[in-house]
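Student: Structure below; questions to follow.
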Amino acid sequence: MCSNIGHHGRTDKTLMTSATENLRRDFGGDIIEPGSADYESASGAMLVPGSPAYVLRPGNVKDVRAAIAFAAESSLPLSVRGGGHSFAGFGTNNSGVVIDLGRLSGVDIIDADRHIVRIGGGATWGAVADALQPHGLAISSGDTRSVGVGGLTLSGGIGWKAREHGLALDALVAAEVVTAAGHVLRASTDENPDLFWALRGGGGNFGIVTAFEFAAHPSTDVHFGRITFPAAELSTVLRGWADYLRTAPEELTSIINFANPFFGGPDAPVEVLVTYDGDDPESAAAALDPIRKLGTVTSDDVTLKPYAEILVEGIAPPPGIRFASRAAFVGTESVGDVLDILTEVGSAAGSPSISVRTVGAAVSRVPDDATAYAHRQAELMFVTATAGPAPALEASRPAQDTIWERLTPHTTGAYANFLATATDLDVAAVYPPETRKRLASIKHQFDPTNLFTQNHNITPE
C-alpha cells in the first residue's frame with residue numbers, strides 16, 4: 001500500500017473524508033475514537049495524558065501499512081505506542097492518530113541453536129523475560145516489566161545486564177520495518193544496513209518496527225536486591241561505589257538512588273540496587289561485599305531470583321501528576337566533579353530524586369560509530385526527577401535549571417529514554433553532530449516528509 005504523502009499538510013474536509021473511508025476499508029484492527037468504550041483507557045500514555053482523534057490497534061503488518069497511510073493522507077499528527085512509557089509522552093497526542101502496537105506482541109524462538117528470538121513491536125520486556133525464562137535465556141533490557149521492547153531498544157536499553165551483555169540494541173540482529181511510504185523492509189547488517197544502523201539508537205524516526213529479532217544469551221537466576229545506608233554517609237558511599245564499579249566483575253550492574261522526596265528527601269536512605277548475573281553464592285558475595293563495606297548497612301535484601309522477577313511493575317501516576325526528568329552521561333574525567341555536585345544537591349532541601357547508573361564495560365566495547373547510540377565511552381548515566389501537579393513542576397523549574405547549569409559543563413550528551421522533553425537542545429545532546437548528520441541523510445531516504453515526528457526528531461537532510 002502506498003500512502004498519499006503528496007497531500008501531507010492539507011486538512012480540507014474532502015481529503016479527510018477520503019482518508020477515513022480508506023481507513024475503514026483497509027484497516028482490519030481496532031479503531032478507537034472519542035466516545036468508544038475503550039477510549040478512556042486507550043487515549044493516554046502511561047505517564048502523559050492525551051486526547052487523540054483516533055487510536056488504531058493493528059492486528060498485523062497490513063493494518064500497520066493502512067494506519068500509516070491514513071495518518072499521511074489525513075495530515076494528522078502521528079504517534080506510535082509500544083509500551084507507552086515515554087517520559088515525553090511520545091505514545092499519545094491531542095487530536096491526532098495513535099498507532100498502538102499492543103496486539104503485535106508475540107515472542108518466538110526462531111533459531112534455537114543461535115538463540116534468535118523474534119519479538120513483536122508491541123511486546124513488553126516483562127512478557128519477553130517470562131517467555132524466555134523456561135528456556136534458560138534472557139536479553140539485556142531495562143528494569144521495568146511494562147516498558148515496551150520498541151521504545152527502549154530504539155533509543156538504547158540500559159538495564160540490569162548492561163555491563164556484561166551491553167545495551168538492548170546491542171543484541172538486535174534484525175528488524176521488520178514499515179516505512180512512511182508503506183514499504184515493508186528487513187533491516188540487518190546485510191539488508192538495508194544504513195537503516196539498521198539508524199534503528200539502533202535513532203529512536204522512532206525511521207518507521208514502525210513491527211518485529212525485532214534479538215540474539216538472546218543463556219541465563220541463570222541472578223543475585224538481586226537493595227543494600228541501604230544512612231543519608232549522612234551519602235558522600236562516602238557514592239564515591240566508593242563509583243570507584244569500585246570501575247574494576248568490579250562485569251557480572252555486577254548497579255544503580256544508586258538518593259534524595260527521594262517520597263522517603264525523606266535529603267534524609268532518605270542511600271539505596272544501592274545490585275544485580276550479580278550468576279547463581280553462584282560465593283562469586284556473588286565476592287562481588288557484593290566491597291559494596292557492603294562502603295558504610296553502615298541498614299538493610300540488605302539481596303537474594304537469588306529468576307531474572308524475570310527482578311523487573312519491577314511500572315506504576316502510572318495519579319491523575320494530574322506529571323514527571324519531569326533529565327538525564328546525562330558522565331565521562332571518567334568528570335566523575336568526581338559530578339558526584340560532588342550531586343552529593344551537595346542531594347543533601348539539601350528541595351532536591352530532585354537522583355539516580356546514578358553504571359555503564360561502561362560491555363557497552364563501551366562496541367565501536368562509537370557502530371550504531372546511532374553515540375555515548376559508548378561514558379562511565380555513568382544519571383537522572384534527576386521531580387513529580388507533582390503541573391503548576392508545582394513549573395514552580396520548581398528555576399531551581400532545577402540552576403542545578404543543571406552546574407552539572408552541564410561536566411556532562412556529555414543525554415540518554416533519550418529518560419528525557420521528559422524533546423527540545424532542539426535535547427536532540428542535540430542525544431545525537432552528536434556526526435551522528436545527527438548521518439541520521440538526517442537516512443531520514444531523508446526513509447521518511448522524507450518527516451511523518452514520524454513524535455520522538456527526538458531528526459529532520460530529513
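Going by the C-alpha cells order, chains are called A, B, ..., each with residues numbered from 1, while ligands are numbered from 1 in the order shown.
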What's the 9 Å shell around A:Thr411, counting only C-alpha atoms, without same-chain residues fewer than 3 positions away, as a PyMOL selection string?

Tutor: chain A and resi 328-331+334-335+338+407-408+414

Student: Can I get the residues of stretch 307-339 of chain A within 10 Å of stretch 67-86 of chain A, each with the closest pair of atoms and their distance in Å to one decimal, using only C-alpha atoms, sorted chain first then ascending number, as JSON lines?

Tutor:
{"residue": "A:Gly314", "atom": "CA", "partner": "A:His85", "partner_atom": "CA", "distance": 8.4}
{"residue": "A:Ile315", "atom": "CA", "partner": "A:His85", "partner_atom": "CA", "distance": 9.9}
{"residue": "A:Ala316", "atom": "CA", "partner": "A:His85", "partner_atom": "CA", "distance": 9.1}

Student: Residues of the last selection are to be written out with C-alpha atoms, as a tab-separated table (two decimals), in the first residue's frame.

Tutor:
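Okay, part-v4.tsv is ready:
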chain	number	residue	atom	x	y	z
A	314	GLY	CA	5.51	0.23	36.08
A	315	ILE	CA	3.25	2.47	38.14
A	316	ALA	CA	1.04	5.05	36.47

Student: Report the residues of stretch 79-168 of chain A whose backbone DSSP state falls under strand (DSSP E), written as an MDAnalysis selection string.

Tutor: chainID A and resid 79:81 97:100 107:111 116:120 137:138

Student: Taking only C-alpha atoms into account, which of A:Leu339, A:Ile227, A:Leu56, A:Ala399 comes nearest A:Asp300?

Tutor: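 Residue with the minimum atom-to-atom distance to A:Asp300: A:Ile227.
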
Student: For A:Phe446, list every protein, DNA or RNA residue within 12 Å, evaluated using only C-alpha atoms, and leave out those in the same chain fewer than 4 positions away; present the list as a CSV table (one decimal) with C-alpha atoms, in the first residue's frame.

Tutor:
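Ended up saving to part_13.csv:
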chain,number,residue,atom,x,y,z
A,177,VAL,CA,10.1,-2.0,9.5
A,178,VAL,CA,7.1,-0.4,7.8
A,179,THR,CA,8.2,3.0,6.3
A,180,ALA,CA,6.3,6.2,5.8
A,181,ALA,CA,5.7,5.1,2.2
A,182,GLY,CA,4.2,1.8,3.4
A,183,HIS,CA,7.1,-0.4,2.3
A,184,VAL,CA,7.9,-3.4,4.5
A,185,LEU,CA,11.6,-3.8,4.8
A,192,ASN,CA,19.3,-2.1,4.4
A,194,ASP,CA,22.0,2.1,6.9
A,195,LEU,CA,18.5,1.7,8.2
A,196,PHE,CA,19.7,-1.0,10.7
A,198,ALA,CA,19.9,4.2,12.4
A,199,LEU,CA,17.4,2.0,14.2
A,204,GLY,CA,11.3,6.1,16.2
A,205,ASN,CA,12.4,8.4,13.4
A,206,PHE,CA,12.5,5.9,10.5
A,207,GLY,CA,9.3,3.9,10.5
A,208,ILE,CA,7.4,1.5,12.6
A,439,LEU,CA,20.8,10.1,10.7
A,440,ALA,CA,19.4,13.1,8.7
A,441,SER,CA,20.6,11.5,5.5
A,442,ILE,CA,18.9,8.2,6.3
A,450,ASN,CA,9.0,13.7,8.4
A,451,LEU,CA,5.8,11.8,9.1
A,452,PHE,CA,7.4,10.3,12.2
A,458,ILE,CA,15.7,14.1,13.2
A,459,THR,CA,14.7,16.4,10.3
A,460,PRO,CA,15.4,15.0,6.8
A,461,GLU,CA,18.6,16.2,5.2

Student: Might you pull out every residue within 12 Å of A:Asp100, with only C-alpha atoms counted and same-chain residues fewer than 6 positions away left off, and present them as an mmCIF file with C-alpha atoms, in the first residue's frame?

Tutor:
data_model
loop_
_atom_site.group_PDB
_atom_site.id
_atom_site.type_symbol
_atom_site.label_atom_id
_atom_site.label_comp_id
_atom_site.auth_asym_id
_atom_site.auth_seq_id
_atom_site.Cartn_x
_atom_site.Cartn_y
_atom_site.Cartn_z
ATOM 1 C CA GLY A 29 -7.728 -3.804 13.527
ATOM 2 C CA ASP A 30 -9.452 -1.808 16.262
ATOM 3 C CA ILE A 31 -10.445 1.789 15.562
ATOM 4 C CA ILE A 32 -10.989 3.631 18.840
ATOM 5 C CA ALA A 42 -6.552 3.858 25.246
ATOM 6 C CA SER A 43 -6.178 7.610 24.800
ATOM 7 C CA GLY A 44 -3.258 8.418 27.068
ATOM 8 C CA ALA A 45 0.210 7.045 27.530
ATOM 9 C CA PRO A 52 -6.145 11.682 20.105
ATOM 10 C CA TYR A 54 -8.042 8.028 16.586
ATOM 11 C CA VAL A 55 -6.306 5.181 18.389
ATOM 12 C CA LEU A 56 -5.590 2.418 15.902
ATOM 13 C CA ARG A 57 -4.635 -1.056 17.103
ATOM 14 C CA PRO A 58 -3.355 -3.046 14.137
ATOM 15 C CA GLY A 59 -3.548 -6.808 14.199
ATOM 16 C CA ASN A 60 -0.910 -7.414 11.524
ATOM 17 C CA ASP A 63 -3.007 -2.998 9.233
ATOM 18 C CA VAL A 64 0.121 -1.061 10.138
ATOM 19 C CA ALA A 67 -2.726 3.058 9.585
ATOM 20 C CA ILE A 68 0.393 4.820 8.307
ATOM 21 C CA LEU A 78 1.109 10.611 14.309
ATOM 22 C CA SER A 79 2.275 8.901 17.500
ATOM 23 C CA VAL A 80 3.456 5.305 17.753
ATOM 24 C CA ARG A 81 2.939 3.448 21.019
ATOM 25 C CA GLY A 82 4.756 0.346 22.179
ATOM 26 C CA GLY A 83 4.598 0.157 25.963
ATOM 27 C CA GLY A 84 3.609 3.811 26.354
ATOM 28 C CA PHE A 90 5.562 10.139 22.576
ATOM 29 C CA GLY A 91 2.872 7.435 22.749
ATOM 30 C CA THR A 92 -0.051 9.857 22.612
ATOM 31 C CA GLY A 121 6.856 -4.474 18.114
ATOM 32 C CA GLY A 122 4.197 -4.110 20.807
ATOM 33 C CA ALA A 123 5.654 -6.605 23.292
ATOM 34 C CA GLY A 148 7.887 -1.583 25.539
ATOM 35 C CA GLY A 150 10.396 -0.973 20.836
ATOM 36 C CA ILE A 208 7.364 1.483 12.644
ATOM 37 C CA VAL A 209 9.204 -1.632 13.751
ATOM 38 C CA THR A 210 6.642 -4.421 13.687
#

Student: Would you write out, as JSON lines, a table of all residues in stretch 133-175 of chain A that have an atom no more than 8 Å from an atom of stretch 241-251 of chain A, listing for each the closest atom pair and the distance in Å to one decimal, considering only C-alpha atoms and ordering rows by chain and rising residue number?

Tutor:
{"residue": "A:Lys161", "atom": "CA", "partner": "A:Glu251", "partner_atom": "CA", "distance": 7.4}
{"residue": "A:Arg163", "atom": "CA", "partner": "A:Glu250", "partner_atom": "CA", "distance": 5.3}
{"residue": "A:Glu164", "atom": "CA", "partner": "A:Glu250", "partner_atom": "CA", "distance": 4.9}

Student: Where does stretch 155-234 of chain A meet stretch 139-146 of chain A within 7 Å, residue by residue, with the nearest atom pair and distance in Å to one decimal for each, counting only C-alpha atoms, listed by chain and rising number, as a tab-separated table?

Tutor:
residue	atom	partner	partner_atom	distance
A:Gly157	CA	A:Ser141	CA	5.6
A:Ile158	CA	A:Gly142	CA	5.7
A:Gly159	CA	A:Gly142	CA	3.9
A:Trp160	CA	A:Asp143	CA	6.4
A:Lys161	CA	A:Ser140	CA	5.1
A:Ala162	CA	A:Ser140	CA	6.3
A:His165	CA	A:Ser140	CA	6.2
A:Gly166	CA	A:Ser140	CA	6.8
A:Leu167	CA	A:Ser140	CA	6.3
A:Ala168	CA	A:Ser141	CA	5.0
A:Ala216	CA	A:Ile139	CA	5.0
A:His217	CA	A:Ile139	CA	6.4

Student: Could you write out the selected residues, including C-alpha atoms, as a CSV table (one decimal), in the first residue's frame?

Tutor:
chain,number,residue,atom,x,y,z
A,157,GLY,CA,18.4,-0.1,26.5
A,158,ILE,CA,20.4,0.4,29.7
A,159,GLY,CA,19.4,-2.3,32.2
A,160,TRP,CA,20.4,-4.9,34.7
A,161,LYS,CA,22.7,-6.8,32.4
A,162,ALA,CA,24.3,-3.9,30.6
A,165,HIS,CA,25.8,-8.0,27.9
A,166,GLY,CA,25.6,-4.4,26.7
A,167,LEU,CA,22.5,-2.5,25.7
A,168,ALA,CA,19.3,-4.0,24.5
A,216,ALA,CA,19.4,-13.9,23.5
A,217,HIS,CA,22.0,-15.3,25.9

Student: Give me the residues near A:Glu434 as a list in words, where near means some atom within 10 Å (using only C-alpha atoms) and where sequence neighbours in that chain fewer than 6 positions away do not count.

Tutor: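 So the residues in contact are Asp369, Ala372, Ala374 and Ala440 of chain A.
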
Student: Would you mind listing what lies within 9 Å of stretch 306-309 of chain A as a list in words, with only C-alpha atoms counted and same-chain residues fewer than 5 positions away left out?

Tutor: Trp125, Gly126, Ala127, Val128, Ala129, Asp130, Leu132, Gln133, Ala138, Arg145, Ser219, Thr220, Asp221, Val222, His223, Phe224 and Asp277 of chain A

Student: Create the file for the chosen residues now, containing N, CA and C atoms and written as a short mmCIF file (atom, residue, chain, number, x, y, z; two decimals), in the first residue's frame.

Tutor:
data_model
loop_
_atom_site.label_atom_id
_atom_site.label_comp_id
_atom_site.auth_asym_id
_atom_site.auth_seq_id
_atom_site.Cartn_x
_atom_site.Cartn_y
_atom_site.Cartn_z
N TRP A 125 8.86 -5.86 27.99
CA TRP A 125 10.02 -6.63 28.43
C TRP A 125 9.67 -7.68 29.48
N GLY A 126 8.65 -7.43 30.28
CA GLY A 126 8.24 -8.45 31.24
C GLY A 126 7.75 -9.70 30.55
N ALA A 127 6.95 -9.53 29.49
CA ALA A 127 6.45 -10.68 28.74
C ALA A 127 7.60 -11.42 28.07
N VAL A 128 8.59 -10.68 27.58
CA VAL A 128 9.74 -11.31 26.95
C VAL A 128 10.52 -12.13 27.98
N ALA A 129 10.80 -11.54 29.14
CA ALA A 129 11.55 -12.26 30.17
C ALA A 129 10.80 -13.51 30.62
N ASP A 130 9.48 -13.42 30.77
CA ASP A 130 8.67 -14.58 31.16
C ASP A 130 8.75 -15.68 30.11
N LEU A 132 11.13 -16.26 27.88
CA LEU A 132 12.46 -16.83 27.69
C LEU A 132 12.95 -17.62 28.89
N GLN A 133 12.43 -17.33 30.07
CA GLN A 133 12.93 -17.95 31.29
C GLN A 133 12.89 -19.47 31.25
N ALA A 138 17.82 -15.05 28.20
CA ALA A 138 17.44 -13.69 28.57
C ALA A 138 18.02 -12.73 27.54
N ARG A 145 8.88 -4.09 33.85
CA ARG A 145 8.17 -5.11 33.10
C ARG A 145 7.33 -4.54 31.95
N SER A 219 21.06 -17.80 30.44
CA SER A 219 20.96 -17.05 31.70
C SER A 219 20.51 -17.97 32.82
N THR A 220 21.11 -17.77 33.99
CA THR A 220 20.68 -18.46 35.21
C THR A 220 19.85 -17.49 36.05
N ASP A 221 19.48 -17.93 37.24
CA ASP A 221 18.96 -16.98 38.22
C ASP A 221 20.05 -15.96 38.54
N VAL A 222 19.65 -14.83 39.10
CA VAL A 222 20.62 -13.77 39.41
C VAL A 222 20.48 -13.36 40.87
N HIS A 223 21.56 -12.84 41.43
CA HIS A 223 21.51 -12.27 42.77
C HIS A 223 21.09 -10.81 42.64
N PHE A 224 20.00 -10.47 43.28
CA PHE A 224 19.42 -9.14 43.10
C PHE A 224 18.88 -8.62 44.43
N ASP A 277 24.92 -11.16 37.88
CA ASP A 277 24.36 -12.06 36.87
C ASP A 277 25.02 -13.44 36.98
#

Student: Rounded to one decimal place, report the atom CA of A:His456-atom CA of A:Tyr431 distance in Å.

Tutor: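 For atom CA of A:His456 relative to atom CA of A:Tyr431, the distance reads 9.2 Å.
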
Student: Show which residues sit within 12 Å of A:Ala259, as a VMD selection string. Count only C-alpha atoms, and ignore same-chain residues fewer than 3 positions away.

Tutor: chain A and resid 230 to 232 234 256 262 to 271 342 to 356 383 to 386

Student: Next, dump the selected residues to file, keeping only C-alpha atoms, as a PDB file, in the first residue's frame.

Tutor:
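For reference, selection.pdb as written:
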ATOM      1  CA  PRO A 230      22.191   6.243  56.128  1.00  0.00           C
ATOM      2  CA  ALA A 231      21.745   9.541  54.288  1.00  0.00           C
ATOM      3  CA  ALA A 232      24.585  11.003  56.351  1.00  0.00           C
ATOM      4  CA  LEU A 234      25.997   9.686  51.063  1.00  0.00           C
ATOM      5  CA  ILE A 256      22.450   4.125  43.409  1.00  0.00           C
ATOM      6  CA  PHE A 262       8.812  10.388  48.969  1.00  0.00           C
ATOM      7  CA  PHE A 263      11.166   8.866  51.575  1.00  0.00           C
ATOM      8  CA  GLY A 264      12.545  11.934  53.265  1.00  0.00           C
ATOM      9  CA  GLY A 265      14.380  13.899  50.592  1.00  0.00           C
ATOM     10  CA  PRO A 266      17.850  14.710  51.979  1.00  0.00           C
ATOM     11  CA  ASP A 267      17.166  12.289  54.856  1.00  0.00           C
ATOM     12  CA  ALA A 268      16.141   9.408  52.585  1.00  0.00           C
ATOM     13  CA  PRO A 269      18.310   6.283  52.769  1.00  0.00           C
ATOM     14  CA  VAL A 270      21.017   5.824  50.184  1.00  0.00           C
ATOM     15  CA  GLU A 271      19.882   2.799  48.167  1.00  0.00           C
ATOM     16  CA  LEU A 342      25.091  15.563  43.171  1.00  0.00           C
ATOM     17  CA  THR A 343      26.120  14.976  46.788  1.00  0.00           C
ATOM     18  CA  GLU A 344      25.667  18.649  47.606  1.00  0.00           C
ATOM     19  CA  VAL A 345      22.324  18.843  45.793  1.00  0.00           C
ATOM     20  CA  GLY A 346      21.022  15.601  47.269  1.00  0.00           C
ATOM     21  CA  SER A 347      21.858  16.734  50.791  1.00  0.00           C
ATOM     22  CA  ALA A 348      19.806  19.930  50.529  1.00  0.00           C
ATOM     23  CA  ALA A 349      16.081  20.517  50.908  1.00  0.00           C
ATOM     24  CA  GLY A 350      14.162  20.654  47.635  1.00  0.00           C
ATOM     25  CA  SER A 351      16.468  18.243  45.826  1.00  0.00           C
ATOM     26  CA  PRO A 352      15.051  16.204  42.972  1.00  0.00           C
ATOM     27  CA  SER A 353      15.217  12.447  43.263  1.00  0.00           C
ATOM     28  CA  ILE A 354      18.625  11.361  41.945  1.00  0.00           C
ATOM     29  CA  SER A 355      19.610   8.057  40.380  1.00  0.00           C
ATOM     30  CA  VAL A 356      23.083   7.145  39.093  1.00  0.00           C
ATOM     31  CA  VAL A 383      18.857  11.040  36.152  1.00  0.00           C
ATOM     32  CA  THR A 384      17.160  13.761  38.169  1.00  0.00           C
ATOM     33  CA  ALA A 385      13.395  13.520  38.545  1.00  0.00           C
ATOM     34  CA  THR A 386      10.614  15.561  40.100  1.00  0.00           C
TER      35      THR A 386
END

Student: Could you please determine the separation between atom CA of A:Ala422 and atom CA of A:Leu169 in Å, to one decimal place?

Tutor: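 About the pair atom CA of A:Ala422 and atom CA of A:Leu169: they are 21.1 Å apart.
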
Student: Between atom CA of A:Leu252 and atom CA of A:Thr358, measure the distance and give it in Å to one decimal.

Tutor: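 It comes out at 9.5 Å.
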
Student: Can you tell me, as a ChimeraX atom specification, which residues in stretch 103-216 of chain A count as alpha helix (DSSP H) by DSSP?

Tutor: /A:125-132,149-155,162-165,193-199

Student: Could you tell me which of A:Val363, A:Ala66, A:Ala88, A:Ala215 comes closest to A:Asp111 if we count only C-alpha atoms?

Tutor: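 Looking only at the distances to A:Asp111, the closest residue turns out to be A:Ala215.
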